[in-house]
file model31.pdb (PDB, C-alpha atoms)
ATOM      1  CA  MET K1172     -14.546 -23.799 -20.631  1.00  0.00           C
ATOM      2  CA  ILE K1173     -14.606 -25.805 -17.411  1.00  0.00           C
ATOM      3  CA  GLU K1174     -12.327 -28.457 -18.909  1.00  0.00           C
ATOM      4  CA  PHE K1175      -9.916 -25.740 -20.102  1.00  0.00           C
ATOM      5  CA  ASP K1176      -9.887 -24.176 -16.626  1.00  0.00           C
ATOM      6  CA  THR K1177      -9.291 -27.531 -14.953  1.00  0.00           C
ATOM      7  CA  ASN K1178      -6.502 -28.546 -17.335  1.00  0.00           C
ATOM      8  CA  LEU K1179      -4.685 -25.225 -16.960  1.00  0.00           C
ATOM      9  CA  LEU K1180      -5.033 -25.334 -13.170  1.00  0.00           C
ATOM     10  CA  LEU K1181      -3.652 -28.871 -12.993  1.00  0.00           C
ATOM     11  CA  ARG K1182      -0.738 -27.954 -15.283  1.00  0.00           C
ATOM     12  CA  ALA K1183       0.151 -25.024 -13.027  1.00  0.00           C
ATOM     13  CA  ILE K1184       0.039 -27.285  -9.991  1.00  0.00           C
ATOM     14  CA  ASP K1185       2.290 -29.821 -11.768  1.00  0.00           C
ATOM     15  CA  LEU K1186       4.980 -27.106 -11.962  1.00  0.00           C
ATOM     16  CA  ARG K1187       5.334 -26.953  -8.186  1.00  0.00           C
ATOM     17  CA  GLN K1188       8.866 -26.942  -6.837  1.00  0.00           C
ATOM     18  CA  PRO K1189       9.935 -26.029  -3.276  1.00  0.00           C
ATOM     19  CA  TRP K1190      11.783 -22.878  -4.382  1.00  0.00           C
ATOM     20  CA  LEU K1191       8.893 -21.827  -6.639  1.00  0.00           C
ATOM     21  CA  ASP K1192       6.402 -22.501  -3.844  1.00  0.00           C
ATOM     22  CA  ASP K1193       8.240 -19.891  -1.763  1.00  0.00           C
ATOM     23  CA  VAL K1194       8.198 -17.332  -4.580  1.00  0.00           C
ATOM     24  CA  MET K1195       4.491 -17.840  -5.247  1.00  0.00           C
ATOM     25  CA  LEU K1196       3.551 -17.754  -1.565  1.00  0.00           C
ATOM     26  CA  LEU K1197       5.474 -14.491  -1.155  1.00  0.00           C
ATOM     27  CA  ALA K1198       3.837 -12.932  -4.229  1.00  0.00           C
ATOM     28  CA  SER K1199       0.419 -14.021  -3.005  1.00  0.00           C
ATOM     29  CA  ALA K1200       1.049 -12.633   0.485  1.00  0.00           C
ATOM     30  CA  LEU K1201       2.359  -9.292  -0.818  1.00  0.00           C
ATOM     31  CA  GLY K1202      -0.678  -8.982  -3.082  1.00  0.00           C
ATOM     32  CA  ALA K1203      -3.199  -9.673  -0.310  1.00  0.00           C
ATOM     33  CA  GLY K1204      -5.574  -6.773   0.195  1.00  0.00           C
ATOM     34  CA  GLY K1205      -3.476  -4.588  -2.087  1.00  0.00           C
ATOM     35  CA  PHE K1206      -0.670  -4.448   0.496  1.00  0.00           C
ATOM     36  CA  ILE K1207       2.278  -3.958  -1.886  1.00  0.00           C
ATOM     37  CA  TRP K1208       0.363  -1.414  -3.974  1.00  0.00           C
ATOM     38  CA  GLY K1209      -0.610   0.535  -0.877  1.00  0.00           C
ATOM     39  CA  VAL K1210       2.986   0.550   0.319  1.00  0.00           C
ATOM     40  CA  THR K1211       4.106   1.751  -3.113  1.00  0.00           C
ATOM     41  CA  ALA K1212       1.599   4.619  -2.960  1.00  0.00           C
ATOM     42  CA  LEU K1213       2.581   5.580   0.573  1.00  0.00           C
ATOM     43  CA  ILE K1214       6.289   5.628  -0.250  1.00  0.00           C
ATOM     44  CA  THR K1215       5.550   7.736  -3.312  1.00  0.00           C
ATOM     45  CA  ALA K1216       3.460  10.140  -1.197  1.00  0.00           C
ATOM     46  CA  VAL K1217       6.694  11.204   0.520  1.00  0.00           C
ATOM     47  CA  PHE K1218       7.475  13.239  -2.599  1.00  0.00           C
ATOM     48  CA  PRO K1219       5.343  16.429  -2.549  1.00  0.00           C
ATOM     49  CA  ASP K1220       4.948  16.601  -6.336  1.00  0.00           C
ATOM     50  CA  ARG K1221       3.512  13.049  -6.370  1.00  0.00           C
ATOM     51  CA  ARG K1222       1.283  13.228  -3.286  1.00  0.00           C
ATOM     52  CA  ALA K1223      -2.001  13.753  -5.154  1.00  0.00           C
ATOM     53  CA  ALA K1224      -1.143  10.918  -7.522  1.00  0.00           C
ATOM     54  CA  ALA K1225      -0.395   8.631  -4.578  1.00  0.00           C
ATOM     55  CA  TRP K1226      -3.839   9.354  -3.136  1.00  0.00           C
ATOM     56  CA  ARG K1227      -5.399   8.471  -6.483  1.00  0.00           C
ATOM     57  CA  MET K1228      -3.478   5.201  -6.477  1.00  0.00           C
ATOM     58  CA  LEU K1229      -4.903   4.396  -3.035  1.00  0.00           C
ATOM     59  CA  LEU K1230      -8.355   5.286  -4.355  1.00  0.00           C
ATOM     60  CA  VAL K1231      -7.865   2.921  -7.304  1.00  0.00           C
ATOM     61  CA  ILE K1232      -6.910   0.100  -4.930  1.00  0.00           C
ATOM     62  CA  ALA K1233      -9.822   0.716  -2.557  1.00  0.00           C
ATOM     63  CA  PHE K1234     -12.368   1.085  -5.366  1.00  0.00           C
ATOM     64  CA  THR K1235     -11.173  -2.083  -7.117  1.00  0.00           C
ATOM     65  CA  PHE K1236     -11.185  -4.062  -3.867  1.00  0.00           C
ATOM     66  CA  GLY K1237     -14.723  -2.914  -3.093  1.00  0.00           C
ATOM     67  CA  VAL K1238     -16.163  -3.575  -6.551  1.00  0.00           C
ATOM     68  CA  ASN K1239     -14.510  -6.987  -6.788  1.00  0.00           C
ATOM     69  CA  ASN K1240     -15.028  -8.338  -3.279  1.00  0.00           C
ATOM     70  CA  TYR K1241     -18.330  -6.747  -2.256  1.00  0.00           C
ATOM     71  CA  LEU K1242     -20.169  -6.536  -5.571  1.00  0.00           C
ATOM     72  CA  LEU K1243     -18.901  -9.121  -8.058  1.00  0.00           C
ATOM     73  CA  LYS K1244     -17.836 -12.052  -5.853  1.00  0.00           C
ATOM     74  CA  PRO K1245     -21.216 -12.326  -4.076  1.00  0.00           C
ATOM     75  CA  LEU K1246     -23.000 -11.888  -7.397  1.00  0.00           C
ATOM     76  CA  VAL K1247     -21.216 -14.833  -9.058  1.00  0.00           C
ATOM     77  CA  GLY K1248     -20.546 -17.144  -6.096  1.00  0.00           C
ATOM     78  CA  ARG K1249     -18.197 -19.582  -7.852  1.00  0.00           C
ATOM     79  CA  SER K1250     -16.658 -22.396  -5.807  1.00  0.00           C
ATOM     80  CA  ARG K1251     -12.911 -22.591  -5.370  1.00  0.00           C
ATOM     81  CA  PRO K1252     -10.874 -25.329  -7.093  1.00  0.00           C
ATOM     82  CA  PHE K1253     -10.113 -27.239  -3.895  1.00  0.00           C
ATOM     83  CA  GLU K1254     -13.856 -27.378  -3.160  1.00  0.00           C
ATOM     84  CA  VAL K1255     -14.644 -28.878  -6.563  1.00  0.00           C
ATOM     85  CA  LEU K1256     -11.566 -31.054  -7.091  1.00  0.00           C
ATOM     86  CA  PRO K1257     -10.559 -32.840  -3.876  1.00  0.00           C
ATOM     87  CA  SER K1258      -7.220 -33.779  -5.486  1.00  0.00           C
ATOM     88  CA  VAL K1259      -6.127 -30.118  -5.542  1.00  0.00           C
ATOM     89  CA  GLN K1260      -3.815 -29.535  -2.622  1.00  0.00           C
ATOM     90  CA  VAL K1261      -3.565 -25.930  -1.476  1.00  0.00           C
ATOM     91  CA  ILE K1262      -0.096 -24.793  -0.380  1.00  0.00           C
ATOM     92  CA  ASP K1263      -1.439 -21.800   1.505  1.00  0.00           C
ATOM     93  CA  GLY K1264      -4.452 -21.136   3.707  1.00  0.00           C
ATOM     94  CA  LYS K1265      -7.821 -21.979   2.207  1.00  0.00           C
ATOM     95  CA  PRO K1266      -9.863 -18.810   1.646  1.00  0.00           C
ATOM     96  CA  THR K1267     -13.457 -18.943   2.818  1.00  0.00           C
ATOM     97  CA  SER K1268     -14.784 -16.471   0.252  1.00  0.00           C
ATOM     98  CA  VAL K1269     -15.996 -17.409  -3.204  1.00  0.00           C
ATOM     99  CA  SER K1270     -13.590 -17.668  -6.108  1.00  0.00           C
ATOM    100  CA  PHE K1271     -14.734 -15.476  -9.031  1.00  0.00           C
ATOM    101  CA  PRO K1272     -13.224 -13.016  -9.825  1.00  0.00           C
ATOM    102  CA  SER K1273      -9.837 -13.089  -8.132  1.00  0.00           C
ATOM    103  CA  GLY K1274      -9.451 -10.130  -5.792  1.00  0.00           C
ATOM    104  CA  HIS K1275      -5.668 -10.506  -5.764  1.00  0.00           C
ATOM    105  CA  ALA K1276      -5.561 -10.291  -9.574  1.00  0.00           C
ATOM    106  CA  ALA K1277      -8.004  -7.386  -9.726  1.00  0.00           C
ATOM    107  CA  VAL K1278      -6.097  -5.264  -7.232  1.00  0.00           C
ATOM    108  CA  ALA K1279      -2.713  -6.306  -8.680  1.00  0.00           C
ATOM    109  CA  VAL K1280      -3.616  -5.174 -12.190  1.00  0.00           C
ATOM    110  CA  ALA K1281      -5.279  -1.994 -10.920  1.00  0.00           C
ATOM    111  CA  GLY K1282      -2.252  -1.266  -8.732  1.00  0.00           C
ATOM    112  CA  ALA K1283       0.179  -1.951 -11.562  1.00  0.00           C
ATOM    113  CA  MET K1284      -1.734   0.325 -13.921  1.00  0.00           C
ATOM    114  CA  ALA K1285      -2.001   3.151 -11.392  1.00  0.00           C
ATOM    115  CA  GLY K1286       1.594   2.658 -10.245  1.00  0.00           C
ATOM    116  CA  ALA K1287       2.949   2.657 -13.782  1.00  0.00           C
ATOM    117  CA  ARG K1288       1.244   6.005 -14.327  1.00  0.00           C
ATOM    118  CA  LEU K1289       2.295   7.312 -10.932  1.00  0.00           C
ATOM    119  CA  ILE K1290       5.907   6.257 -11.377  1.00  0.00           C
ATOM    120  CA  PRO K1291       6.297   5.811 -15.152  1.00  0.00           C
ATOM    121  CA  GLY K1292       9.824   4.405 -14.912  1.00  0.00           C
ATOM    122  CA  ALA K1293       8.655   1.632 -12.583  1.00  0.00           C
ATOM    123  CA  GLY K1294       6.152   0.039 -14.958  1.00  0.00           C
ATOM    124  CA  TRP K1295       8.719  -2.550 -16.051  1.00  0.00           C
ATOM    125  CA  LEU K1296       8.736  -3.820 -12.428  1.00  0.00           C
ATOM    126  CA  LEU K1297       5.100  -3.269 -11.434  1.00  0.00           C
ATOM    127  CA  TRP K1298       3.426  -5.014 -14.377  1.00  0.00           C
ATOM    128  CA  PRO K1299       5.410  -8.273 -14.082  1.00  0.00           C
ATOM    129  CA  PHE K1300       4.828  -8.307 -10.338  1.00  0.00           C
ATOM    130  CA  GLY K1301       1.096  -7.788 -10.892  1.00  0.00           C
ATOM    131  CA  LEU K1302       1.118 -10.736 -13.306  1.00  0.00           C
ATOM    132  CA  LEU K1303       3.050 -12.838 -10.790  1.00  0.00           C
ATOM    133  CA  VAL K1304       0.466 -12.116  -8.078  1.00  0.00           C
ATOM    134  CA  GLY K1305      -2.323 -13.342 -10.360  1.00  0.00           C
ATOM    135  CA  VAL K1306      -0.463 -16.465 -11.467  1.00  0.00           C
ATOM    136  CA  SER K1307       0.429 -17.253  -7.864  1.00  0.00           C
ATOM    137  CA  ARG K1308      -3.247 -17.657  -7.000  1.00  0.00           C
ATOM    138  CA  VAL K1309      -3.643 -20.461  -9.537  1.00  0.00           C
ATOM    139  CA  TYR K1310      -0.313 -22.018  -8.559  1.00  0.00           C
ATOM    140  CA  VAL K1311      -1.198 -22.237  -4.848  1.00  0.00           C
ATOM    141  CA  GLY K1312      -4.540 -23.843  -5.786  1.00  0.00           C
ATOM    142  CA  VAL K1313      -7.054 -21.241  -4.626  1.00  0.00           C
ATOM    143  CA  HIS K1314      -8.262 -19.879  -7.994  1.00  0.00           C
ATOM    144  CA  TRP K1315      -9.256 -21.113 -11.407  1.00  0.00           C
ATOM    145  CA  PRO K1316      -7.320 -19.479 -14.279  1.00  0.00           C
ATOM    146  CA  THR K1317     -10.469 -17.724 -15.495  1.00  0.00           C
ATOM    147  CA  ASP K1318     -10.922 -16.216 -12.006  1.00  0.00           C
ATOM    148  CA  VAL K1319      -7.546 -14.547 -12.437  1.00  0.00           C
ATOM    149  CA  LEU K1320      -8.295 -13.443 -15.995  1.00  0.00           C
ATOM    150  CA  ALA K1321     -11.631 -11.951 -14.927  1.00  0.00           C
ATOM    151  CA  GLY K1322      -9.964 -10.270 -11.947  1.00  0.00           C
ATOM    152  CA  ALA K1323      -7.405  -8.698 -14.284  1.00  0.00           C
ATOM    153  CA  VAL K1324     -10.194  -7.318 -16.469  1.00  0.00           C
ATOM    154  CA  VAL K1325     -11.983  -5.943 -13.399  1.00  0.00           C
ATOM    155  CA  GLY K1326      -8.737  -4.314 -12.247  1.00  0.00           C
ATOM    156  CA  LEU K1327      -8.138  -2.689 -15.631  1.00  0.00           C
ATOM    157  CA  ALA K1328     -11.709  -1.412 -15.816  1.00  0.00           C
ATOM    158  CA  CYS K1329     -11.705  -0.036 -12.273  1.00  0.00           C
ATOM    159  CA  ALA K1330      -8.320   1.655 -12.678  1.00  0.00           C
ATOM    160  CA  TRP K1331      -9.362   3.128 -16.018  1.00  0.00           C
ATOM    161  CA  PHE K1332     -12.558   4.469 -14.437  1.00  0.00           C
ATOM    162  CA  VAL K1333     -10.869   6.020 -11.387  1.00  0.00           C
ATOM    163  CA  LEU K1334      -7.958   7.445 -13.366  1.00  0.00           C
ATOM    164  CA  GLY K1335     -10.221   8.858 -16.041  1.00  0.00           C
ATOM    165  CA  GLY K1336      -8.411   6.918 -18.746  1.00  0.00           C
ATOM    166  CA  ARG K1337      -5.707   9.554 -19.101  1.00  0.00           C
ATOM    167  CA  ALA K1338      -2.123   9.164 -17.968  1.00  0.00           C
ATOM    168  CA  ALA K1339      -1.574  12.925 -17.722  1.00  0.00           C
ATOM    169  CA  SER K1340      -4.336  13.325 -15.120  1.00  0.00           C
ATOM    170  CA  LEU K1341      -2.190  11.693 -12.420  1.00  0.00           C
ATOM    171  CA  ARG K1342       0.544  14.279 -12.670  1.00  0.00           C
ATOM    172  CA  ARG K1343      -1.669  17.130 -11.528  1.00  0.00           C
TER     173      ARG K1343
END

call {"tool": "encode", "arguments": {"input": "model31.pdb", "output": "structure tokens"}}
result
Amino acid sequence: MIEFDTNLLLRAIDLRQPWLDDVMLLASALGAGGFIWGVTALITAVFPDRRAAAWRMLLVIAFTFGVNNYLLKPLVGRSRPFEVLPSVQVIDGKPTSVSFPSGHAAVAVAGAMAGARLIPGAGWLLWPFGLLVGVSRVYVGVHWPTDVLAGAVVGLACAWFVLGGRAASLRR
């Protein structure tokens, strides 16, 4: 598994291009701390019939962030790629926290799931952006691919738990 992770990480890094660096850095920045998902919820809260759903989206983001960053990351304690492979150059700041699972990916998937239920017509935009946030973390050199995959699973599980697994529950 470690060889698979390393090979996939190095392939992603080989794809680097100046214009793509900018796209990935922007996606990573917008995904930090659930920023874009929080903004989406707050904009949606302007509409009275969606206000309760917007609060649930914020709850999903906060719950996912807490479970991932304060429970799972300290429990696993995996080193980041640039700490293990000195040849990996990071094109963003080097995080000081541990690597597994990716908090960006967890919150991005949770936010995309909650947002797609909150604003059903926006799922076609939210899901690809959530995927882009996760991929960006490997591309910039701060996560292993399995960190992102695990983060996505954490995000799905947390969102499913908070939302009760039912799409209709958000509309009330």

call {"tool": "resolve_selection", "arguments": {"input": "model31.pdb", "expression": "the PyMOL selection byres ((chain K and resi 1202) around 12)", "output": "ChimeraX atom specification"}}
result
/K:1195-1201,1203-1211,1232,1236,1273-1283,1297,1300-1308

call {"tool": "write_last_selection", "arguments": {"input": "model31.pdb", "atoms": "C-alpha atoms", "output": "PDB file, keeping the file's coordinate frame"}}
result
ATOM      1  CA  MET K1195       4.491 -17.840  -5.247  1.00  0.00           C
ATOM      2  CA  LEU K1196       3.551 -17.754  -1.565  1.00  0.00           C
ATOM      3  CA  LEU K1197       5.474 -14.491  -1.155  1.00  0.00           C
ATOM      4  CA  ALA K1198       3.837 -12.932  -4.229  1.00  0.00           C
ATOM      5  CA  SER K1199       0.419 -14.021  -3.005  1.00  0.00           C
ATOM      6  CA  ALA K1200       1.049 -12.633   0.485  1.00  0.00           C
ATOM      7  CA  LEU K1201       2.359  -9.292  -0.818  1.00  0.00           C
ATOM      8  CA  ALA K1203      -3.199  -9.673  -0.310  1.00  0.00           C
ATOM      9  CA  GLY K1204      -5.574  -6.773   0.195  1.00  0.00           C
ATOM     10  CA  GLY K1205      -3.476  -4.588  -2.087  1.00  0.00           C
ATOM     11  CA  PHE K1206      -0.670  -4.448   0.496  1.00  0.00           C
ATOM     12  CA  ILE K1207       2.278  -3.958  -1.886  1.00  0.00           C
ATOM     13  CA  TRP K1208       0.363  -1.414  -3.974  1.00  0.00           C
ATOM     14  CA  GLY K1209      -0.610   0.535  -0.877  1.00  0.00           C
ATOM     15  CA  VAL K1210       2.986   0.550   0.319  1.00  0.00           C
ATOM     16  CA  THR K1211       4.106   1.751  -3.113  1.00  0.00           C
ATOM     17  CA  ILE K1232      -6.910   0.100  -4.930  1.00  0.00           C
ATOM     18  CA  PHE K1236     -11.185  -4.062  -3.867  1.00  0.00           C
ATOM     19  CA  SER K1273      -9.837 -13.089  -8.132  1.00  0.00           C
ATOM     20  CA  GLY K1274      -9.451 -10.130  -5.792  1.00  0.00           C
ATOM     21  CA  HIS K1275      -5.668 -10.506  -5.764  1.00  0.00           C
ATOM     22  CA  ALA K1276      -5.561 -10.291  -9.574  1.00  0.00           C
ATOM     23  CA  ALA K1277      -8.004  -7.386  -9.726  1.00  0.00           C
ATOM     24  CA  VAL K1278      -6.097  -5.264  -7.232  1.00  0.00           C
ATOM     25  CA  ALA K1279      -2.713  -6.306  -8.680  1.00  0.00           C
ATOM     26  CA  VAL K1280      -3.616  -5.174 -12.190  1.00  0.00           C
ATOM     27  CA  ALA K1281      -5.279  -1.994 -10.920  1.00  0.00           C
ATOM     28  CA  GLY K1282      -2.252  -1.266  -8.732  1.00  0.00           C
ATOM     29  CA  ALA K1283       0.179  -1.951 -11.562  1.00  0.00           C
ATOM     30  CA  LEU K1297       5.100  -3.269 -11.434  1.00  0.00           C
ATOM     31  CA  PHE K1300       4.828  -8.307 -10.338  1.00  0.00           C
ATOM     32  CA  GLY K1301       1.096  -7.788 -10.892  1.00  0.00           C
ATOM     33  CA  LEU K1302       1.118 -10.736 -13.306  1.00  0.00           C
ATOM     34  CA  LEU K1303       3.050 -12.838 -10.790  1.00  0.00           C
ATOM     35  CA  VAL K1304       0.466 -12.116  -8.078  1.00  0.00           C
ATOM     36  CA  GLY K1305      -2.323 -13.342 -10.360  1.00  0.00           C
ATOM     37  CA  VAL K1306      -0.463 -16.465 -11.467  1.00  0.00           C
ATOM     38  CA  SER K1307       0.429 -17.253  -7.864  1.00  0.00           C
ATOM     39  CA  ARG K1308      -3.247 -17.657  -7.000  1.00  0.00           C
TER      40      ARG K1308
END

call {"tool": "resolve_selection", "arguments": {"input": "model31.pdb", "expression": "the PyMOL selection byres ((chain K and resi 1175-1178) around 10)", "output": "PyMOL selection string"}}
result
chain K and resi 1172-1174+1179-1184+1252+1256+1314-1318

call {"tool": "write_last_selection", "arguments": {"input": "model31.pdb", "atoms": "C-alpha atoms", "output": "short mmCIF file (atom, residue, chain, number, x, y, z; two decimals), keeping the file's coordinate frame"}}
result
data_model
loop_
_atom_site.label_atom_id
_atom_site.label_comp_id
_atom_site.auth_asym_id
_atom_site.auth_seq_id
_atom_site.Cartn_x
_atom_site.Cartn_y
_atom_site.Cartn_z
CA MET K 1172 -14.55 -23.80 -20.63
CA ILE K 1173 -14.61 -25.80 -17.41
CA GLU K 1174 -12.33 -28.46 -18.91
CA LEU K 1179 -4.68 -25.22 -16.96
CA LEU K 1180 -5.03 -25.33 -13.17
CA LEU K 1181 -3.65 -28.87 -12.99
CA ARG K 1182 -0.74 -27.95 -15.28
CA ALA K 1183 0.15 -25.02 -13.03
CA ILE K 1184 0.04 -27.28 -9.99
CA PRO K 1252 -10.87 -25.33 -7.09
CA LEU K 1256 -11.57 -31.05 -7.09
CA HIS K 1314 -8.26 -19.88 -7.99
CA TRP K 1315 -9.26 -21.11 -11.41
CA PRO K 1316 -7.32 -19.48 -14.28
CA THR K 1317 -10.47 -17.72 -15.50
CA ASP K 1318 -10.92 -16.22 -12.01
#

call {"tool": "closest_residue", "arguments": {"input": "model31.pdb", "among": "K:Gln1260, K:Gln1188, K:Thr1235, K:Thr1267", "to": "Phe1332 in chain K", "atoms": "all atoms listed in the file"}}
result
K:Thr1235

call {"tool": "closest_residue", "arguments": {"input": "model31.pdb", "among": "K:Pro1189, K:Gly1322, K:Gly1292, K:Gly1248", "to": "Pro1272 in chain K", "atoms": "only C-alpha atoms"}}
result
K:Gly1322

call {"tool": "resolve_selection", "arguments": {"input": "model31.pdb", "expression": "the PyMOL selection byres ((chain K and resi 1222) around 12)", "output": "PDB file with C-alpha atoms, in the frame of the given file"}}
result
ATOM      1  CA  THR K1211       4.106   1.751  -3.113  1.00  0.00           C
ATOM      2  CA  ALA K1212       1.599   4.619  -2.960  1.00  0.00           C
ATOM      3  CA  LEU K1213       2.581   5.580   0.573  1.00  0.00           C
ATOM      4  CA  ILE K1214       6.289   5.628  -0.250  1.00  0.00           C
ATOM      5  CA  THR K1215       5.550   7.736  -3.312  1.00  0.00           C
ATOM      6  CA  ALA K1216       3.460  10.140  -1.197  1.00  0.00           C
ATOM      7  CA  VAL K1217       6.694  11.204   0.520  1.00  0.00           C
ATOM      8  CA  PHE K1218       7.475  13.239  -2.599  1.00  0.00           C
ATOM      9  CA  PRO K1219       5.343  16.429  -2.549  1.00  0.00           C
ATOM     10  CA  ASP K1220       4.948  16.601  -6.336  1.00  0.00           C
ATOM     11  CA  ARG K1221       3.512  13.049  -6.370  1.00  0.00           C
ATOM     12  CA  ALA K1223      -2.001  13.753  -5.154  1.00  0.00           C
ATOM     13  CA  ALA K1224      -1.143  10.918  -7.522  1.00  0.00           C
ATOM     14  CA  ALA K1225      -0.395   8.631  -4.578  1.00  0.00           C
ATOM     15  CA  TRP K1226      -3.839   9.354  -3.136  1.00  0.00           C
ATOM     16  CA  ARG K1227      -5.399   8.471  -6.483  1.00  0.00           C
ATOM     17  CA  MET K1228      -3.478   5.201  -6.477  1.00  0.00           C
ATOM     18  CA  LEU K1229      -4.903   4.396  -3.035  1.00  0.00           C
ATOM     19  CA  LEU K1289       2.295   7.312 -10.932  1.00  0.00           C
ATOM     20  CA  ILE K1290       5.907   6.257 -11.377  1.00  0.00           C
ATOM     21  CA  LEU K1341      -2.190  11.693 -12.420  1.00  0.00           C
ATOM     22  CA  ARG K1342       0.544  14.279 -12.670  1.00  0.00           C
ATOM     23  CA  ARG K1343      -1.669  17.130 -11.528  1.00  0.00           C
TER      24      ARG K1343
END

call {"tool": "atom_distance", "arguments": {"input": "model31.pdb", "atom1": "CA of Val1333 in chain K", "atom2": "CA of Leu1230 in chain K"}}
result
7.5 Å

call {"tool": "atom_distance", "arguments": {"input": "model31.pdb", "atom1": "CA of Phe1253 in chain K", "atom2": "CA of Leu1186 in chain K"}}
result
17.1 Å

call {"tool": "closest_residue", "arguments": {"input": "model31.pdb", "among": "K:Asp1193, K:Ala1328, K:Val1313, K:Val1259", "to": "Val1238 in chain K", "atoms": "all atoms listed in the file"}}
result
K:Ala1328

call {"tool": "atom_distance", "arguments": {"input": "model31.pdb", "atom1": "CA of Ala1233 in chain K", "atom2": "CA of Val1194 in chain K"}}
result
25.6 Å

call {"tool": "residues_around", "arguments": {"input": "model31.pdb", "residues": "Ser1270 in chain K", "least_positions_apart": "3", "cutoff": "6 Å", "atoms": "all atoms listed in the file", "output": "PyMOL selection string"}}
result
chain K and resi 1249-1251

call {"tool": "decode", "arguments": {"input": "model31.pdb", "residues": "range 1312-1317 of chain K", "atoms": "all heavy atoms", "output": "tab-separated table (two decimals), in the first residue's frame"}}
result
chain	number	residue	atom	x	y	z
K	1312	GLY	N	1.36	18.41	-2.51
K	1312	GLY	CA	2.38	17.65	-1.81
K	1312	GLY	C	2.23	17.54	-0.32
K	1312	GLY	O	3.19	17.19	0.38
K	1313	VAL	N	1.02	17.79	0.21
K	1313	VAL	CA	0.86	17.76	1.66
K	1313	VAL	C	0.09	16.54	2.17
K	1313	VAL	O	-0.05	16.36	3.38
K	1313	VAL	CB	0.20	19.06	2.19
K	1313	VAL	CG1	1.10	20.25	1.92
K	1313	VAL	CG2	-1.18	19.27	1.60
K	1314	HIS	N	-0.44	15.72	1.25
K	1314	HIS	CA	-1.17	14.51	1.65
K	1314	HIS	C	-0.84	13.35	0.74
K	1314	HIS	O	-0.58	13.52	-0.46
K	1314	HIS	CB	-2.68	14.73	1.58
K	1314	HIS	CG	-3.26	15.34	2.82
K	1314	HIS	ND1	-3.28	14.70	4.03
K	1314	HIS	CD2	-3.83	16.54	3.02
K	1314	HIS	CE1	-3.85	15.48	4.92
K	1314	HIS	NE2	-4.18	16.62	4.34
K	1315	TRP	N	-0.90	12.16	1.32
K	1315	TRP	CA	-0.84	10.92	0.56
K	1315	TRP	C	-2.23	10.70	-0.05
K	1315	TRP	O	-3.23	11.13	0.52
K	1315	TRP	CB	-0.52	9.74	1.48
K	1315	TRP	CG	0.77	9.87	2.21
K	1315	TRP	CD1	0.93	10.30	3.50
K	1315	TRP	CD2	2.07	9.58	1.72
K	1315	TRP	NE1	2.26	10.28	3.84
K	1315	TRP	CE2	2.98	9.84	2.77
K	1315	TRP	CE3	2.56	9.11	0.51
K	1315	TRP	CZ2	4.35	9.65	2.63
K	1315	TRP	CZ3	3.93	8.93	0.36
K	1315	TRP	CH2	4.81	9.19	1.41
K	1316	PRO	N	-2.32	10.02	-1.18
K	1316	PRO	CA	-3.64	9.74	-1.77
K	1316	PRO	C	-4.58	9.01	-0.81
K	1316	PRO	O	-5.78	9.30	-0.77
K	1316	PRO	CB	-3.31	8.87	-3.00
K	1316	PRO	CG	-1.94	9.34	-3.39
K	1316	PRO	CD	-1.23	9.61	-2.08
K	1317	THR	N	-4.07	8.08	-0.02
K	1317	THR	CA	-4.96	7.38	0.91
K	1317	THR	C	-5.45	8.28	2.05
K	1317	THR	O	-6.49	8.01	2.64
K	1317	THR	CB	-4.29	6.11	1.48
K	1317	THR	OG1	-3.01	6.44	2.01
K	1317	THR	CG2	-4.16	5.04	0.41
